[in-house]
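What follows is the content of structure39.cif (mmCIF, C-alpha atoms).
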data_entry
#
loop_
_atom_site.label_atom_id
_atom_site.label_comp_id
_atom_site.auth_asym_id
_atom_site.auth_seq_id
_atom_site.Cartn_x
_atom_site.Cartn_y
_atom_site.Cartn_z
CA MET V 21 123.65 198.86 75.87
CA PRO V 22 124.14 202.66 76.16
CA LEU V 23 126.62 202.64 79.02
CA THR V 24 129.11 200.01 77.96
CA GLU V 25 131.44 202.61 76.50
CA THR V 26 132.42 203.80 80.01
CA GLU V 27 133.52 200.34 80.94
CA SER V 28 136.67 200.72 78.91
CA THR V 29 138.21 203.00 81.58
CA PRO V 30 141.97 202.42 81.45
CA ALA V 31 142.91 202.04 85.11
CA ALA V 32 141.36 202.09 88.55
CA THR V 33 142.71 205.60 89.12
CA ALA V 34 139.54 207.09 87.71
CA ALA V 35 136.29 206.23 89.47
CA THR V 36 133.80 205.79 86.69
CA LEU V 37 130.23 204.91 87.57
CA THR V 38 127.33 203.76 85.48
CA VAL V 39 123.89 205.22 85.98
CA ARG V 40 122.56 201.69 86.20
CA SER V 41 124.51 200.86 89.36
CA LEU V 42 123.54 204.21 90.85
CA LEU V 43 119.87 203.42 90.27
CA VAL V 44 120.22 200.02 91.92
CA TRP V 45 121.97 201.56 94.93
CA GLY V 46 119.31 204.27 95.03
CA LEU V 47 116.61 201.65 95.17
CA LEU V 48 118.35 199.78 98.01
CA ALA V 49 119.02 203.03 99.86
CA GLY V 50 115.38 204.00 99.41
CA LEU V 51 114.27 200.67 100.84
CA VAL V 52 116.46 201.10 103.93
CA GLY V 53 115.49 204.77 104.33
CA GLY V 54 111.80 203.96 103.91
CA LEU V 55 111.90 201.19 106.52
CA LEU V 56 113.75 203.41 109.01
CA ALA V 57 111.32 206.27 108.35
CA PHE V 58 108.44 203.88 108.94
CA GLY V 59 109.93 202.87 112.29
CA PHE V 60 110.41 206.48 113.32
CA ALA V 61 106.96 207.54 112.13
CA TYR V 62 105.32 204.61 113.88
CA ALA V 63 107.09 205.28 117.17
CA PHE V 64 106.98 209.08 117.26
CA GLY V 65 104.36 210.17 114.74
CA GLU V 66 101.48 207.79 115.30
CA PRO V 67 100.74 208.92 118.89
CA ALA V 68 100.11 212.44 117.57
CA VAL V 69 98.04 211.16 114.65
CA GLU V 70 95.89 209.02 116.98
CA ARG V 71 95.39 211.92 119.37
CA ALA V 72 94.39 214.23 116.53
CA ILE V 73 91.92 211.69 115.17
CA SER V 74 90.32 211.21 118.58
CA ILE V 75 89.90 214.99 118.83
CA GLU V 76 88.45 215.02 115.32
CA GLU V 77 85.97 212.31 116.23
CA THR V 78 84.70 214.14 119.27
CA GLY V 79 83.70 216.90 116.87
CA THR V 80 86.21 219.63 117.63
CA GLY V 81 87.83 219.64 114.22
CA HIS V 82 86.74 219.30 110.63
CA ALA V 83 84.83 216.29 109.47
CA HIS V 84 87.03 213.45 108.27
CA ALA V 85 85.79 209.97 107.43
CA GLY V 86 82.92 209.54 109.86
CA GLU V 87 81.08 212.68 110.85
CA GLN V 88 79.44 211.46 114.02
CA PRO V 89 81.22 211.97 117.29
CA ALA V 90 82.47 208.45 117.80
CA GLU V 91 83.94 206.50 120.63
CA HIS V 92 87.71 206.40 120.84
CA SER V 93 88.17 202.74 120.11
CA HIS V 94 89.81 202.79 116.69
CA GLY V 95 89.96 199.05 116.39
CA GLU V 96 86.23 198.98 115.89
CA ALA V 97 85.13 199.38 112.29
CA GLU V 98 83.36 202.68 111.72
CA GLU V 99 80.66 203.19 109.14
CA GLU V 100 81.93 203.07 105.53
CA GLU V 101 85.55 202.99 106.62
CA VAL V 102 87.57 201.94 103.58
CA VAL V 103 90.77 201.13 105.43
CA SER V 104 90.77 200.47 109.17
CA ARG V 105 92.75 202.74 111.50
CA ALA V 106 94.63 199.70 112.74
CA PHE V 107 95.87 199.08 109.21
CA GLN V 108 96.43 202.74 108.35
CA SER V 109 98.79 203.18 111.28
CA THR V 110 100.78 200.01 110.56
CA GLY V 111 100.66 198.39 107.12
CA GLY V 112 99.43 201.51 105.34
CA LEU V 113 102.07 203.68 106.95
CA GLY V 114 104.77 201.10 106.22
CA ILE V 115 103.83 200.58 102.58
CA GLY V 116 103.43 204.31 102.04
CA ALA V 117 106.80 205.08 103.64
CA VAL V 118 108.65 202.34 101.77
CA ALA V 119 107.06 203.23 98.41
CA TYR V 120 107.96 206.86 99.00
CA GLY V 121 111.47 205.84 100.02
CA LEU V 122 111.97 203.79 96.83
CA GLY V 123 110.78 206.66 94.63
CA LEU V 124 112.90 209.17 96.50
CA GLY V 125 115.91 206.85 96.44
CA GLU V 126 115.71 206.71 92.64
CA LEU V 127 115.44 210.48 92.31
CA PHE V 128 118.28 210.83 94.80
CA SER V 129 120.51 208.54 92.75
CA LEU V 130 119.75 210.56 89.60
CA ALA V 131 120.59 213.80 91.41
CA PHE V 132 123.80 212.15 92.58
CA ALA V 133 124.59 211.09 89.01
CA PHE V 134 124.56 214.76 88.00
CA ALA V 135 126.45 215.94 91.09
CA TYR V 136 129.17 213.28 91.07
CA GLY V 137 132.51 214.72 89.96
CA ARG V 138 130.95 218.15 89.47
CA VAL V 139 130.99 219.57 93.00
CA GLY V 140 134.48 220.75 93.78
CA SER V 141 136.81 218.47 95.67
CA LEU V 142 134.24 216.37 97.55
CA SER V 143 134.91 212.66 97.84
CA PRO V 144 132.27 210.31 96.41
CA ARG V 145 130.76 209.59 99.83
CA ALA V 146 130.81 213.24 100.83
CA THR V 147 129.07 214.06 97.54
CA ALA V 148 126.31 211.59 98.42
CA LEU V 149 125.80 213.16 101.85
CA ALA V 150 125.91 216.67 100.38
CA VAL V 151 123.18 215.74 97.89
CA ALA V 152 121.08 214.25 100.71
CA GLY V 153 121.62 217.24 102.99
CA LEU V 154 120.88 219.86 100.35
CA GLY V 155 117.95 217.80 99.10
CA TYR V 156 116.47 217.67 102.59
CA LEU V 157 116.96 221.43 102.92
CA ALA V 158 115.37 222.33 99.58
CA VAL V 159 112.71 219.61 99.25
CA VAL V 160 111.66 219.12 102.88
CA LEU V 161 112.72 221.86 105.25
CA VAL V 162 112.02 225.00 103.20
CA PRO V 163 108.61 223.80 101.91
CA PHE V 164 107.78 222.64 105.46
CA LEU V 165 108.62 226.05 106.92
CA THR V 166 106.41 227.65 104.26
CA TYR V 167 103.51 225.20 104.51
CA PRO V 168 103.94 223.14 107.69
CA ALA V 169 102.60 219.59 107.90
CA ASN V 170 99.28 219.25 109.69
CA PRO V 171 97.79 216.37 111.65
CA PRO V 172 94.34 215.00 110.82
CA ALA V 173 91.54 217.39 111.91
CA VAL V 174 93.56 220.44 110.83
CA GLY V 175 92.91 221.84 107.38
CA ASN V 176 89.85 223.05 105.53
CA PRO V 177 88.76 220.55 102.83
CA ASP V 178 87.72 223.49 100.63
CA THR V 179 91.31 224.68 100.24
CA ILE V 180 92.96 221.28 99.67
CA GLY V 181 93.47 222.00 95.95
CA GLN V 182 95.10 225.35 96.59
CA ARG V 183 97.21 224.06 99.47
CA THR V 184 98.42 221.08 97.46
CA ALA V 185 99.31 223.23 94.45
CA LEU V 186 101.18 225.75 96.59
CA PHE V 187 103.00 223.06 98.57
CA PHE V 188 104.23 221.31 95.42
CA GLY V 189 104.91 224.70 93.85
CA MET V 190 107.10 225.60 96.81
CA ILE V 191 109.06 222.35 96.43
CA VAL V 192 109.64 223.10 92.74
CA ILE V 193 110.64 226.74 93.37
CA SER V 194 112.94 225.82 96.24
CA LEU V 195 114.61 223.08 94.22
CA ALA V 196 114.99 225.33 91.18
CA LEU V 197 116.56 228.05 93.34
CA LEU V 198 118.93 225.49 94.88
CA VAL V 199 120.07 224.27 91.47
CA THR V 200 120.50 227.89 90.36
CA ALA V 201 122.51 228.63 93.51
CA ILE V 202 124.79 225.65 92.89
CA ALA V 203 125.30 226.71 89.26
CA ALA V 204 126.02 230.26 90.43
CA ALA V 205 128.52 229.04 93.02
CA ARG V 206 130.32 227.03 90.35
CA ALA V 207 130.36 229.98 87.95
CA LEU V 208 131.63 232.40 90.61
CA ALA V 209 134.26 230.07 92.05
CA PRO V 210 137.12 231.09 89.70
CA LYS V 211 136.51 234.75 90.55
CA LEU V 212 135.67 234.68 94.25
CA GLY V 213 137.24 231.41 95.31
CA GLY V 214 135.38 228.36 96.59
CA TRP V 215 134.52 229.77 100.02
CA TRP V 216 133.00 233.11 99.05
CA SER V 217 131.21 231.80 95.96
CA THR V 218 129.54 229.15 98.16
CA VAL V 219 128.66 231.71 100.83
CA ALA V 220 127.22 234.09 98.23
CA ALA V 221 125.16 231.36 96.59
CA GLY V 222 123.90 230.11 99.98
CA LEU V 223 122.87 233.59 101.08
CA GLY V 224 121.25 234.21 97.71
CA TYR V 225 119.21 231.03 98.06
CA ALA V 226 118.17 231.92 101.62
CA VAL V 227 117.08 235.44 100.69
CA LEU V 228 115.16 234.42 97.55
CA VAL V 229 113.41 231.50 99.17
CA THR V 230 112.36 233.71 102.10
CA VAL V 231 110.95 236.36 99.75
CA VAL V 232 109.00 233.72 97.81
CA ALA V 233 107.66 232.14 101.01
CA LYS V 234 106.47 235.53 102.25
CA LEU V 235 104.82 236.42 98.93
CA LEU V 236 102.82 233.18 98.66
CA PRO V 237 99.47 233.05 100.47
CA GLY V 238 99.38 231.37 103.90
CA PHE V 239 96.70 229.28 105.57
CA GLN V 240 95.56 229.42 109.20
CA GLU V 241 93.20 226.50 109.48
CA VAL V 242 93.84 225.17 112.96
CA PRO V 243 90.42 224.73 114.61
CA ASP V 244 89.68 226.76 117.75
CA GLY V 245 90.74 224.93 120.86
CA PHE V 246 92.97 222.47 119.02
CA PRO V 247 95.92 221.78 121.35
CA GLY V 248 99.07 223.64 120.33
CA ASP V 249 101.36 221.03 121.84
CA LEU V 250 99.77 218.39 119.60
CA ILE V 251 100.50 220.44 116.47
CA TRP V 252 104.08 220.88 117.67
CA GLN V 253 104.46 217.18 118.49
CA PHE V 254 103.08 216.19 115.09
CA ARG V 255 105.24 218.65 113.15
CA VAL V 256 108.45 217.64 114.91
CA ALA V 257 107.60 213.99 114.20
CA SER V 258 106.93 214.86 110.56
CA LEU V 259 110.25 216.68 110.12
CA GLY V 260 111.96 213.83 111.95
CA THR V 261 110.39 211.21 109.70
CA SER V 262 111.74 212.97 106.63
CA ALA V 263 115.11 213.52 108.30
CA VAL V 264 115.38 209.79 109.03
CA LEU V 265 114.33 208.99 105.46
CA TRP V 266 116.88 211.30 103.83
CA THR V 267 119.65 210.36 106.25
CA GLY V 268 118.93 206.68 105.70
CA ILE V 269 119.05 207.13 101.94
CA GLY V 270 122.21 209.26 102.04
CA LEU V 271 124.18 206.97 104.37
CA THR V 272 123.09 203.71 102.76
CA PHE V 273 123.83 205.07 99.30
CA ALA V 274 127.24 206.33 100.48
CA ALA V 275 128.07 202.91 101.91
CA LEU V 276 127.05 201.06 98.72
CA LEU V 277 128.93 203.60 96.60
CA HIS V 278 132.08 203.24 98.67
CA ARG V 279 131.87 199.49 98.52
CA GLY V 280 131.38 199.64 94.75
CA LEU V 281 134.28 202.02 94.21
CA THR V 282 136.75 200.14 96.39
CA LYS V 283 136.05 196.78 94.81
CA GLY V 284 138.54 197.88 92.20
CA ARG V 285 136.42 197.44 89.13
CA THR V 286 134.16 199.62 87.09
CA VAL V 287 130.63 199.66 88.48
CA MET W 4 140.55 210.45 106.35
CA THR W 5 142.64 207.38 105.80
CA HIS W 6 141.41 204.38 103.92
CA ALA W 7 142.90 200.99 103.38
CA VAL W 8 142.10 201.35 99.69
CA ALA W 9 142.66 204.68 97.99
CA ILE W 10 139.49 206.22 96.63
CA PRO W 11 139.97 207.09 92.97
CA THR W 12 139.19 210.56 91.68
CA PRO W 13 135.53 211.01 90.82
CA VAL W 14 134.87 211.17 87.09
CA SER W 15 131.64 212.95 86.22
CA ILE W 16 129.11 211.01 84.17
CA PRO W 17 128.33 212.73 80.85
CA VAL W 18 124.88 214.33 80.93
CA ARG W 19 123.82 212.63 77.70
CA GLN W 20 124.43 209.31 79.44
CA ILE W 21 122.33 210.25 82.45
CA LEU W 22 119.41 211.75 80.56
CA PRO W 23 117.67 208.61 79.21
CA TYR W 24 117.77 207.05 82.70
CA ALA W 25 116.76 210.33 84.32
CA VAL W 26 113.68 210.63 82.12
CA PHE W 27 112.59 207.02 82.49
CA ALA W 28 113.35 206.38 86.17
CA GLY W 29 112.47 209.98 87.02
CA ILE W 30 108.96 209.71 85.64
CA ILE W 31 108.26 206.37 87.31
CA SER W 32 109.59 207.68 90.63
CA LEU W 33 107.53 210.84 90.44
CA ILE W 34 104.41 208.77 89.79
CA VAL W 35 105.14 206.71 92.92
CA LEU W 36 105.68 209.87 94.98
CA TYR W 37 102.47 211.31 93.57
CA PHE W 38 100.43 208.30 94.66
CA VAL W 39 101.78 208.49 98.20
CA GLY W 40 101.68 212.27 98.38
CA ALA W 41 98.60 213.50 96.56
CA GLU W 42 96.36 210.91 94.81
CA GLN W 43 92.69 211.19 95.79
CA GLY W 44 93.41 214.39 97.66
CA ALA W 45 93.47 217.48 95.47
CA LEU W 46 93.73 215.36 92.31
CA ALA W 47 92.50 211.89 91.49
CA VAL W 48 93.42 209.40 88.79
CA PHE W 49 91.27 206.68 90.32
CA GLU W 50 87.83 207.14 91.80
CA GLY W 51 87.08 206.64 95.44
CA THR W 52 89.20 207.11 98.53
CA THR W 53 91.02 203.77 98.84
CA VAL W 54 94.47 205.03 97.85
CA HIS W 55 94.05 208.10 100.06
CA GLU W 56 92.98 206.04 103.06
CA PHE W 57 95.66 203.43 102.44
CA VAL W 58 98.61 205.84 102.54
CA HIS W 59 96.80 208.30 104.84
CA ASP W 60 99.25 208.27 107.76
CA ALA W 61 102.36 208.26 105.56
CA ARG W 62 100.99 211.22 103.64
CA HIS W 63 100.36 213.20 106.82
CA LEU W 64 103.71 212.37 108.39
CA LEU W 65 105.66 213.05 105.20
CA GLY W 66 104.23 216.55 105.33
CA PHE W 67 101.78 216.55 102.42
CA PRO W 68 98.44 218.33 102.61
CA CYS W 69 95.97 215.49 103.08
CA HIS W 70 92.47 216.92 103.39
#
How does the structure come out when it is put into structure tokens?
Amino acid sequence: MPLTETESTPAATAATLTVRSLLVWGLLAGLVGGLLAFGFAYAFGEPAVERAISIEETGTGHAHAGEQPAEHSHGEAEEEEVVSRAFQSTGGLGIGAVAYGLGLGELFSLAFAFAYGRVGSLSPRATALAVAGLGYLAVVLVPFLTYPANPPAVGNPDTIGQRTALFFGMIVISLALLVTAIAAARALAPKLGGWWSTVAAGLGYAVLVTVVAKLLPGFQEVPDGFPGDLIWQFRVASLGTSAVLWTGIGLTFAALLHRGLTKGRTV
Amino acid sequence: MTHAVAIPTPVSIPVRQILPYAVFAGIISLIVLYFVGAEQGALAVFEGTTVHEFVHDARHLLGFPCH
């Protein structure tokens, strides 16, 4: 009911979109992104997760589910294991990734709804990719560089509350600074021109986010003797999983958007 | 960039049109992200560890603090 007024657009010269179609495309894009992220995480992330869990079970790291040093066969049910490792690394990972993708796809489509037609001379598809790229930067990369992802066996259970609060806090701060930077770039554009206002806003974001990251407390909770290459392997896989997710969402959304806009009717 | 069909000029969607959807879909989406990213870790709506264990690997690989 609320959006029907836009459907009276005079001609096809103006590309009017309804939020409803954006949300549907966001959901589809999230599904595709989530499935691709699952594939990537399964292929490149799971080996690191399995290796970390086997180290954890031999007692090097912090206690996880079972506290006894256990044999490495994960297929075997361990005492009071709620969800088996075999399921965690397949169905659990898949459902988690797809659910996350659907949620993120919706938020992405809402961000796109605000950005569309408001970011300079970008085409609709380029706007979608810009939203995905900046979103990845502000929501994934900057928080990751501040509080990097850790494999199982790394992390002190006593600080989980603090680490979670700071990690989410960093996402919120980074996103707020990004939105501020975009608003600043738009406000400065008439004065400085598009190039220098964008450069100034980008540098401003980079400086502020670095200051915030350095002011927030850090955590060094890698157990002694935990292999450095495993941390590296896990973290690259983690960044890659998110990169695949955001790229999948951005490209799928752009494709659906383009298709919708070139069908020659209001969507 | 050449296209067979010309892409029309983007027309921004009025904020008052986006807001109701943003609030509704935004809240639902954030709840979904919360369940994958943090439930039964630092915070818990439901008792136990089933949700945590279920999405365990996704949570780790998506970069969230897990335990």
*State, in Å with one decimal place, the distance from CA of Phe128 (chain V) to CA of Ser141 (chain V).*
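The value is 20.1 Å.
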_Chain and number of each residue from the PyMOL selection byres ((chain W and resi 57) around 10), as a PyMOL selection string_ = (chain V and resi 102-105+107-109+111-113+115-116) or (chain W and resi 39+52-56+58-62)
*Using all atoms listed in the file, determine which residues of chain W fall within 6 Å of chain V; present them as number ranges by chain.*
W: 11-15, 32, 35-36, 39, 45, 56-58, 60-61, 64-66, 68, 70
*Would you work out the distance separating CA of Ala275 (chain V) from CA of Ala201 (chain V), expressed in Å to one decimal?*
27.6 Å
*Quick one: pull the distance between CA of Leu271 (chain V) and CA of Leu149 (chain V), Å, one decimal.*
6.9 Å
*Run the PyMOL selection byres ((chain V and resi 53) around 7) on the file and write out the hits as a list in words.*
Ala49, Gly50, Leu51, Val52, Gly54, Leu55, Leu56, Ala57, Gly121, Val264, Leu265, Trp266, Gly268 and Ile269 of chain V
*Which of these, V:Phe60, V:Ser217, V:Pro67, V:Phe132, has the shortest distance to Val18 (chain W) once you count all atoms listed in the file?*
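Under the stated criterion, the closest residue is V:Phe132.
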_Among listed residues V:Leu197, V:Leu212, V:Ile73, V:Leu235, nearest Leu154 (chain V) (using only C-alpha atoms)_ =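 Closest to Leu154 (chain V), using only C-alpha atoms: V:Leu197.
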Spell out the residues picked by the PyMOL selection byres ((chain V and resi 232) around 12) here, as a PDB file with C-alpha atoms, in the coordinates of the input.
ATOM      1  CA  VAL V 162     112.020 225.000 103.200  1.00  0.00           C
ATOM      2  CA  PRO V 163     108.610 223.800 101.910  1.00  0.00           C
ATOM      3  CA  LEU V 165     108.620 226.050 106.920  1.00  0.00           C
ATOM      4  CA  THR V 166     106.410 227.650 104.260  1.00  0.00           C
ATOM      5  CA  LEU V 186     101.180 225.750  96.590  1.00  0.00           C
ATOM      6  CA  GLY V 189     104.910 224.700  93.850  1.00  0.00           C
ATOM      7  CA  MET V 190     107.100 225.600  96.810  1.00  0.00           C
ATOM      8  CA  ILE V 191     109.060 222.350  96.430  1.00  0.00           C
ATOM      9  CA  VAL V 192     109.640 223.100  92.740  1.00  0.00           C
ATOM     10  CA  ILE V 193     110.640 226.740  93.370  1.00  0.00           C
ATOM     11  CA  SER V 194     112.940 225.820  96.240  1.00  0.00           C
ATOM     12  CA  LEU V 197     116.560 228.050  93.340  1.00  0.00           C
ATOM     13  CA  TYR V 225     119.210 231.030  98.060  1.00  0.00           C
ATOM     14  CA  ALA V 226     118.170 231.920 101.620  1.00  0.00           C
ATOM     15  CA  VAL V 227     117.080 235.440 100.690  1.00  0.00           C
ATOM     16  CA  LEU V 228     115.160 234.420  97.550  1.00  0.00           C
ATOM     17  CA  VAL V 229     113.410 231.500  99.170  1.00  0.00           C
ATOM     18  CA  THR V 230     112.360 233.710 102.100  1.00  0.00           C
ATOM     19  CA  VAL V 231     110.950 236.360  99.750  1.00  0.00           C
ATOM     20  CA  ALA V 233     107.660 232.140 101.010  1.00  0.00           C
ATOM     21  CA  LYS V 234     106.470 235.530 102.250  1.00  0.00           C
ATOM     22  CA  LEU V 235     104.820 236.420  98.930  1.00  0.00           C
ATOM     23  CA  LEU V 236     102.820 233.180  98.660  1.00  0.00           C
ATOM     24  CA  PRO V 237      99.470 233.050 100.470  1.00  0.00           C
ATOM     25  CA  GLY V 238      99.380 231.370 103.900  1.00  0.00           C
TER      26      GLY V 238
END
